[in-house]
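Student: Provided herewith: work_32.cif, mmCIF, C-alpha atoms.
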```
data_structure
loop_
_atom_site.group_PDB
_atom_site.id
_atom_site.type_symbol
_atom_site.label_atom_id
_atom_site.label_comp_id
_atom_site.auth_asym_id
_atom_site.auth_seq_id
_atom_site.Cartn_x
_atom_site.Cartn_y
_atom_site.Cartn_z
ATOM 1 C CA MET A 89 91.170 108.407 107.715
ATOM 2 C CA LYS A 90 92.793 105.051 108.379
ATOM 3 C CA TYR A 91 93.874 102.326 106.036
ATOM 4 C CA GLN A 92 91.767 99.211 105.809
ATOM 5 C CA ALA A 93 93.625 96.401 107.547
ATOM 6 C CA ARG A 94 92.849 92.910 106.285
ATOM 7 C CA ILE A 95 93.734 89.800 108.274
ATOM 8 C CA PHE A 96 93.799 86.480 106.399
ATOM 9 C CA PHE A 97 94.076 82.892 107.547
ATOM 10 C CA VAL A 98 93.806 80.356 104.742
ATOM 11 C CA MET A 99 94.484 76.648 104.421
ATOM 12 C CA SER A 100 95.103 74.960 101.098
ATOM 13 C CA LEU A 101 95.099 71.302 100.163
ATOM 14 C CA GLY A 102 96.543 70.488 96.759
ATOM 15 C CA ALA A 103 94.850 72.632 94.151
ATOM 16 C CA VAL A 104 91.830 73.360 96.366
ATOM 17 C CA ALA A 105 91.936 76.244 98.831
ATOM 18 C CA PHE A 106 89.784 75.813 101.902
ATOM 19 C CA SER A 107 87.869 78.291 103.922
ATOM 20 C CA GLY A 108 88.839 81.078 105.089
ATOM 21 C CA LEU A 109 89.759 84.125 103.204
ATOM 22 C CA SER A 110 89.153 86.791 105.824
ATOM 23 C CA GLY A 111 89.316 85.508 109.335
ATOM 24 C CA GLN A 112 88.655 89.078 110.380
ATOM 25 C CA GLN A 113 88.181 92.214 108.347
ATOM 26 C CA VAL A 114 88.315 95.700 109.758
ATOM 27 C CA THR A 115 85.761 97.876 108.022
ATOM 28 C CA LYS A 116 84.673 101.361 108.969
ATOM 29 C CA SER A 117 82.500 102.596 106.149
ATOM 30 C CA GLY A 118 83.409 106.118 105.139
ATOM 31 C CA THR A 119 86.513 106.271 107.341
ATOM 32 C CA THR A 120 89.015 104.036 105.536
ATOM 33 C CA ALA A 121 91.571 105.428 103.119
ATOM 34 C CA ALA A 122 93.592 104.012 100.226
ATOM 35 C CA LYS A 123 90.799 101.591 99.301
ATOM 36 C CA PHE A 124 92.516 100.913 95.964
ATOM 37 C CA LEU A 125 94.993 98.723 97.871
ATOM 38 C CA SER A 126 92.227 96.175 98.496
ATOM 39 C CA ILE A 127 91.579 95.570 94.779
ATOM 40 C CA PRO A 128 92.660 91.944 94.109
ATOM 41 C CA VAL A 129 95.438 91.087 91.666
ATOM 42 C CA GLY A 130 96.140 88.109 89.401
ATOM 43 C CA ALA A 131 93.865 86.032 87.164
ATOM 44 C CA ARG A 132 94.868 82.801 88.881
ATOM 45 C CA ALA A 133 94.036 84.132 92.337
ATOM 46 C CA LEU A 134 90.754 85.625 91.162
ATOM 47 C CA GLY A 135 89.848 82.323 89.535
ATOM 48 C CA MET A 136 90.203 80.748 92.985
ATOM 49 C CA GLY A 137 87.878 83.305 94.521
ATOM 50 C CA GLY A 138 90.755 85.090 96.225
ATOM 51 C CA ALA A 139 91.646 82.068 98.381
ATOM 52 C CA PHE A 140 95.301 82.448 97.477
ATOM 53 C CA VAL A 141 97.142 83.394 100.667
ATOM 54 C CA ALA A 142 98.379 79.854 101.295
ATOM 55 C CA VAL A 143 99.116 79.224 97.593
ATOM 56 C CA ALA A 144 100.947 82.467 96.650
ATOM 57 C CA ASN A 145 103.884 80.899 94.806
ATOM 58 C CA ASP A 146 104.231 83.363 91.939
ATOM 59 C CA ALA A 147 104.800 87.116 91.569
ATOM 60 C CA SER A 148 101.212 87.893 92.596
ATOM 61 C CA GLY A 149 102.349 86.899 96.080
ATOM 62 C CA LEU A 150 103.579 90.491 96.337
ATOM 63 C CA TYR A 151 99.897 91.320 96.836
ATOM 64 C CA TRP A 152 98.477 88.185 98.501
ATOM 65 C CA ASN A 153 101.220 86.994 100.834
ATOM 66 C CA PRO A 154 104.779 88.367 100.746
ATOM 67 C CA ALA A 155 106.103 85.202 102.405
ATOM 68 C CA GLY A 156 105.236 83.243 99.266
ATOM 69 C CA ILE A 157 107.853 84.897 97.070
ATOM 70 C CA SER A 158 110.648 83.156 99.004
ATOM 71 C CA LYS A 159 109.615 79.996 97.132
ATOM 72 C CA ILE A 160 110.195 81.548 93.687
ATOM 73 C CA GLY A 161 113.491 80.265 92.349
ATOM 74 C CA ARG A 162 113.730 82.505 89.294
ATOM 75 C CA ASN A 163 113.187 86.087 88.215
ATOM 76 C CA GLU A 164 109.466 86.663 87.755
ATOM 77 C CA ALA A 165 107.260 89.621 86.871
ATOM 78 C CA ILE A 166 103.554 90.389 86.877
ATOM 79 C CA LEU A 167 101.724 93.070 84.900
ATOM 80 C CA SER A 168 98.008 93.640 85.360
ATOM 81 C CA HIS A 169 95.678 96.224 83.803
ATOM 82 C CA SER A 170 91.939 96.593 84.337
ATOM 83 C CA SER A 171 89.638 99.120 82.679
ATOM 84 C CA TRP A 172 86.735 99.913 84.934
ATOM 85 C CA ILE A 173 83.587 101.955 84.464
ATOM 86 C CA ALA A 174 83.661 105.764 84.432
ATOM 87 C CA GLY A 175 87.091 105.791 82.786
ATOM 88 C CA ILE A 176 88.883 104.361 85.832
ATOM 89 C CA ASP A 177 92.057 102.322 85.204
ATOM 90 C CA PHE A 178 93.662 99.982 87.730
ATOM 91 C CA ASN A 179 97.252 98.825 87.225
ATOM 92 C CA PHE A 180 99.591 96.558 89.162
ATOM 93 C CA ALA A 181 103.194 95.717 88.318
ATOM 94 C CA GLY A 182 105.643 93.650 90.303
ATOM 95 C CA PHE A 183 109.034 91.994 89.998
ATOM 96 C CA VAL A 184 110.614 89.275 92.145
ATOM 97 C CA LEU A 185 114.380 88.762 92.343
ATOM 98 C CA PRO A 186 115.664 85.622 94.144
ATOM 99 C CA LEU A 187 118.642 86.311 96.423
ATOM 100 C CA GLY A 188 119.556 82.672 96.770
ATOM 101 C CA GLU A 189 117.683 79.464 97.449
ATOM 102 C CA HIS A 190 115.833 80.698 100.519
ATOM 103 C CA GLN A 191 115.179 84.427 100.160
ATOM 104 C CA SER A 192 113.796 86.887 97.628
ATOM 105 C CA LEU A 193 113.381 90.595 97.085
ATOM 106 C CA GLY A 194 110.386 92.157 95.347
ATOM 107 C CA ILE A 195 109.172 95.553 94.183
ATOM 108 C CA SER A 196 105.655 96.528 93.215
ATOM 109 C CA LEU A 197 103.646 99.445 91.888
ATOM 110 C CA THR A 198 99.883 99.866 92.283
ATOM 111 C CA SER A 199 97.950 102.716 90.677
ATOM 112 C CA LEU A 200 94.375 103.857 90.204
ATOM 113 C CA THR A 201 93.898 106.628 87.638
ATOM 114 C CA MET A 202 91.207 108.296 85.593
ATOM 115 C CA ASP A 203 90.884 110.901 82.874
ATOM 116 C CA GLU A 204 90.801 114.602 83.620
ATOM 117 C CA MET A 205 87.474 115.957 84.846
ATOM 118 C CA GLU A 206 86.077 119.447 84.436
ATOM 119 C CA ARG A 207 85.415 121.460 87.560
ATOM 120 C CA THR A 208 81.826 122.560 88.139
ATOM 121 C CA THR A 209 80.325 124.991 90.635
ATOM 122 C CA GLU A 210 76.863 126.051 91.728
ATOM 123 C CA ASP A 211 77.129 129.053 89.426
ATOM 124 C CA GLN A 212 78.643 127.088 86.537
ATOM 125 C CA PRO A 213 77.103 123.589 86.647
ATOM 126 C CA ASP A 214 78.085 122.955 83.013
ATOM 127 C CA GLY A 215 81.766 123.501 83.725
ATOM 128 C CA THR A 216 84.241 126.262 84.479
ATOM 129 C CA GLY A 217 86.852 125.379 81.869
ATOM 130 C CA GLU A 218 89.229 124.209 84.618
ATOM 131 C CA PHE A 219 90.238 120.548 84.672
ATOM 132 C CA PHE A 220 91.611 118.438 87.524
ATOM 133 C CA THR A 221 92.918 114.918 88.057
ATOM 134 C CA VAL A 222 92.310 112.263 90.672
ATOM 135 C CA GLY A 223 94.548 109.298 91.385
ATOM 136 C CA SER A 224 96.159 106.930 93.864
ATOM 137 C CA ILE A 225 99.541 105.228 93.772
ATOM 138 C CA ALA A 226 101.589 102.929 95.988
ATOM 139 C CA PHE A 227 105.204 101.762 95.762
ATOM 140 C CA GLY A 228 106.137 98.585 97.650
ATOM 141 C CA LEU A 229 109.414 96.952 98.655
ATOM 142 C CA THR A 230 109.156 93.308 99.753
ATOM 143 C CA TYR A 231 111.571 90.923 101.433
ATOM 144 C CA ALA A 232 110.884 87.256 102.187
ATOM 145 C CA ARG A 233 112.929 84.322 103.416
ATOM 146 C CA ASP A 234 112.603 80.722 104.549
ATOM 147 C CA LEU A 235 113.338 80.463 108.264
ATOM 148 C CA THR A 236 113.202 76.678 107.992
ATOM 149 C CA ASP A 237 112.363 74.182 105.260
ATOM 150 C CA TRP A 238 108.688 74.426 106.258
ATOM 151 C CA PHE A 239 108.212 77.988 107.509
ATOM 152 C CA SER A 240 108.567 81.269 105.590
ATOM 153 C CA ILE A 241 107.991 84.880 106.524
ATOM 154 C CA GLY A 242 107.840 88.049 104.459
ATOM 155 C CA GLY A 243 106.998 91.710 104.706
ATOM 156 C CA THR A 244 106.276 94.689 102.481
ATOM 157 C CA VAL A 245 106.711 98.382 103.171
ATOM 158 C CA LYS A 246 104.567 100.665 100.995
ATOM 159 C CA TYR A 247 104.613 104.357 100.261
ATOM 160 C CA VAL A 248 101.026 105.406 99.537
ATOM 161 C CA SER A 249 99.813 108.629 97.931
ATOM 162 C CA GLU A 250 96.340 109.822 96.942
ATOM 163 C CA HIS A 251 95.494 113.128 95.296
ATOM 164 C CA ILE A 252 92.533 115.085 94.007
ATOM 165 C CA TRP A 253 93.094 118.423 92.307
ATOM 166 C CA ASN A 254 95.381 120.445 94.614
ATOM 167 C CA SER A 255 95.067 118.220 97.676
ATOM 168 C CA THR A 256 97.165 115.172 98.552
ATOM 169 C CA ALA A 257 97.538 112.595 101.302
ATOM 170 C CA THR A 258 100.598 110.400 101.827
ATOM 171 C CA GLY A 259 101.569 107.700 104.277
ATOM 172 C CA ILE A 260 103.294 104.394 104.947
ATOM 173 C CA ALA A 261 101.637 100.967 105.148
ATOM 174 C CA VAL A 262 102.960 97.465 105.747
ATOM 175 C CA ASP A 263 102.037 93.876 104.853
ATOM 176 C CA ILE A 264 103.217 90.897 106.902
ATOM 177 C CA GLY A 265 102.743 87.297 105.800
ATOM 178 C CA THR A 266 103.695 83.784 106.873
ATOM 179 C CA LEU A 267 103.558 80.439 105.101
ATOM 180 C CA PHE A 268 103.669 77.046 106.808
ATOM 181 C CA VAL A 269 104.180 73.845 104.802
ATOM 182 C CA THR A 270 103.001 70.821 106.763
ATOM 183 C CA PRO A 271 104.501 67.313 106.528
ATOM 184 C CA PHE A 272 101.317 66.228 104.773
ATOM 185 C CA PRO A 273 101.531 66.395 100.954
ATOM 186 C CA GLY A 274 99.843 69.480 99.547
ATOM 187 C CA LEU A 275 98.690 70.845 102.926
ATOM 188 C CA LYS A 276 99.814 74.412 103.659
ATOM 189 C CA PHE A 277 98.735 77.231 105.939
ATOM 190 C CA GLY A 278 99.061 80.919 105.159
ATOM 191 C CA ALA A 279 98.327 83.975 107.277
ATOM 192 C CA GLY A 280 98.815 87.669 106.703
ATOM 193 C CA ILE A 281 97.971 91.232 107.630
ATOM 194 C CA SER A 282 97.687 93.639 104.704
ATOM 195 C CA ASN A 283 97.649 97.412 104.366
ATOM 196 C CA PHE A 284 98.194 98.263 108.013
ATOM 197 C CA GLY A 285 99.301 101.852 108.300
ATOM 198 C CA GLU A 286 99.108 105.270 109.828
ATOM 199 C CA LYS A 287 96.304 107.774 109.395
ATOM 200 C CA LEU A 288 96.002 109.601 106.084
ATOM 201 C CA GLN A 289 95.137 113.289 106.146
ATOM 202 C CA MET A 290 94.325 115.316 103.051
ATOM 203 C CA ASN A 291 96.247 118.571 102.806
ATOM 204 C CA GLY A 292 96.197 121.251 100.126
ATOM 205 C CA ASP A 293 94.837 124.553 98.882
ATOM 206 C CA ASP A 294 91.437 123.036 98.125
ATOM 207 C CA LEU A 295 90.770 122.638 101.861
ATOM 208 C CA LEU A 296 91.328 126.290 102.737
#
```
Starting from the file, give its structure as structure tokens.

Tutor:
Amino acid sequence: MKYQARIFFVMSLGAVAFSGLSGQQVTKSGTTAAKFLSIPVGARALGMGGAFVAVANDASGLYWNPAGISKIGRNEAILSHSSWIAGIDFNFAGFVLPLGEHQSLGISLTSLTMDEMERTTEDQPDGTGEFFTVGSIAFGLTYARDLTDWFSIGGTVKYVSEHIWNSTATGIAVDIGTLFVTPFPGLKFGAGISNFGEKLQMNGDDLL
């Protein structure tokens, strides 16, 4: 299974973000892995309908556009928790550390977890007494810097792991983002590729 790669090109003008989230989206139903990485983060970004790639000037930029964190001039953190149906919990945590006026370093953690479930079989549809867990997690390291006063670039390297009972899949994914500030007040362009990575293959005793 492959990661879902998302390509964004977004323009923003003042507080209004125009067009574009998703210039192209690669979707292969049933063949993509690590889908939890596409769950959006940040109340502000969600309030804008996800049109945040060209805005990304806070710690949620670790998700939306890594280039945006180069504009953060102070230590900043983000903590997000969502309780979904069926006992599923989604969590995102990130921290941005400025390394000067024109560059920043960030770390992030994304997780999708749920309560233990009881194993059932054809012979024991009401449960076997054995319990198993399912979950996904990703650790990210981000670096961003201003190449000029008007152009920034950033990237994230992620370690991704998914597991179900005795089987696991691990891999590496990357995000790349750019941010262009035009000479016109409030007009910015942002572009990025998210969650581009190698194939994930489940391995474990359950597949024997």

Student: I'd like the residues picked by the PyMOL selection byres ((chain A and resi 241) around 10) written out as a PyMOL selection string, using the chain letters and numbers from the file.

Tutor: chain A and resi 153-158+191+231-236+239-240+242-243+264-268+278-280

Student: Could you write out that same residue set with C-alpha atoms as a PDB file, in the frame of the given file?

Tutor:
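For reference, selection17.pdb as written:
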```pdb
ATOM      1  CA  ASN A 153     101.220  86.994 100.834  1.00  0.00           C
ATOM      2  CA  PRO A 154     104.779  88.367 100.746  1.00  0.00           C
ATOM      3  CA  ALA A 155     106.103  85.202 102.405  1.00  0.00           C
ATOM      4  CA  GLY A 156     105.236  83.243  99.266  1.00  0.00           C
ATOM      5  CA  ILE A 157     107.853  84.897  97.070  1.00  0.00           C
ATOM      6  CA  SER A 158     110.648  83.156  99.004  1.00  0.00           C
ATOM      7  CA  GLN A 191     115.179  84.427 100.160  1.00  0.00           C
ATOM      8  CA  TYR A 231     111.571  90.923 101.433  1.00  0.00           C
ATOM      9  CA  ALA A 232     110.884  87.256 102.187  1.00  0.00           C
ATOM     10  CA  ARG A 233     112.929  84.322 103.416  1.00  0.00           C
ATOM     11  CA  ASP A 234     112.603  80.722 104.549  1.00  0.00           C
ATOM     12  CA  LEU A 235     113.338  80.463 108.264  1.00  0.00           C
ATOM     13  CA  THR A 236     113.202  76.678 107.992  1.00  0.00           C
ATOM     14  CA  PHE A 239     108.212  77.988 107.509  1.00  0.00           C
ATOM     15  CA  SER A 240     108.567  81.269 105.590  1.00  0.00           C
ATOM     16  CA  GLY A 242     107.840  88.049 104.459  1.00  0.00           C
ATOM     17  CA  GLY A 243     106.998  91.710 104.706  1.00  0.00           C
ATOM     18  CA  ILE A 264     103.217  90.897 106.902  1.00  0.00           C
ATOM     19  CA  GLY A 265     102.743  87.297 105.800  1.00  0.00           C
ATOM     20  CA  THR A 266     103.695  83.784 106.873  1.00  0.00           C
ATOM     21  CA  LEU A 267     103.558  80.439 105.101  1.00  0.00           C
ATOM     22  CA  PHE A 268     103.669  77.046 106.808  1.00  0.00           C
ATOM     23  CA  GLY A 278      99.061  80.919 105.159  1.00  0.00           C
ATOM     24  CA  ALA A 279      98.327  83.975 107.277  1.00  0.00           C
ATOM     25  CA  GLY A 280      98.815  87.669 106.703  1.00  0.00           C
TER      26      GLY A 280
END
```

Student: Using the chain letters and numbers from the file, which residues does the PyMOL selection byres ((chain A and resi 206-208) around 7) grab, as a PyMOL selection string?

Tutor: chain A and resi 204-205+209+212-220

Student: Which residues match the PyMOL selection byres ((chain A and resi 228) around 7) in the file above, as a PyMOL selection string?

Tutor: chain A and resi 195-197+226-227+229-230+244-247

Student: Choose the residue, out of A:Trp238, A:Trp253, A:Tyr151, A:Phe277, that has the smallest atom-to-atom separation from Asn291 in chain A; count all atoms listed in the file.

Tutor: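 The answer is A:Trp253, which sits nearest to Asn291 in chain A.
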
Student: Please compute the CA of Gly161 in chain A-CA of Pro186 in chain A distance, one decimal, in Å.

Tutor: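 Atom-to-atom, CA of Gly161 in chain A and CA of Pro186 in chain A are spaced 6.1 Å apart.
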
Student: Interatomic distance between CA of Ile176 in chain A and CA of Ser199 in chain A?

Tutor: 10.4 Å

Student: Pick the closest to His251 in chain A from A:Ile281, A:Val269, A:Leu193, A:Leu288: which is it, counting only C-alpha atoms?

Tutor: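 Smallest separation from His251 in chain A among the options: A:Leu288.
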
Student: Measuring atom to atom with only C-alpha atoms, identify which of A:Ala144, A:Phe178, A:Ser192, A:Val129 is nearest to Asn163 in chain A.

Tutor: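 Using only C-alpha atoms, the shortest distance to Asn163 in chain A belongs to A:Ser192.
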
Student: I need the residue nearest Ser282 in chain A from this list: A:Gly223, A:Gly149, A:Gly130, A:Gly137. Use all atoms listed in the file for the distance.

Tutor: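 That would be A:Gly149, the residue with the smallest distance to Ser282 in chain A.
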
Student: Restricting the calculation to all atoms listed in the file, which member of A:Leu187, A:Leu275, A:Leu167, A:Leu296 is positioned closest to Val143 in chain A?

Tutor: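 Of all the options, A:Leu275 lies closest to Val143 in chain A.
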
Student: In Å to one decimal, how far is CA of Gly182 in chain A from CA of Ile160 in chain A?

Tutor: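 Distance reported for this atom pair: 13.4 Å.
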
Student: For a quick check of understanding, using all atoms listed in the file, which of A:Ala181, A:Ile127, A:Ile173, A:Ala261 has the smallest distance to Ser148 in chain A?

Tutor: A:Ala181
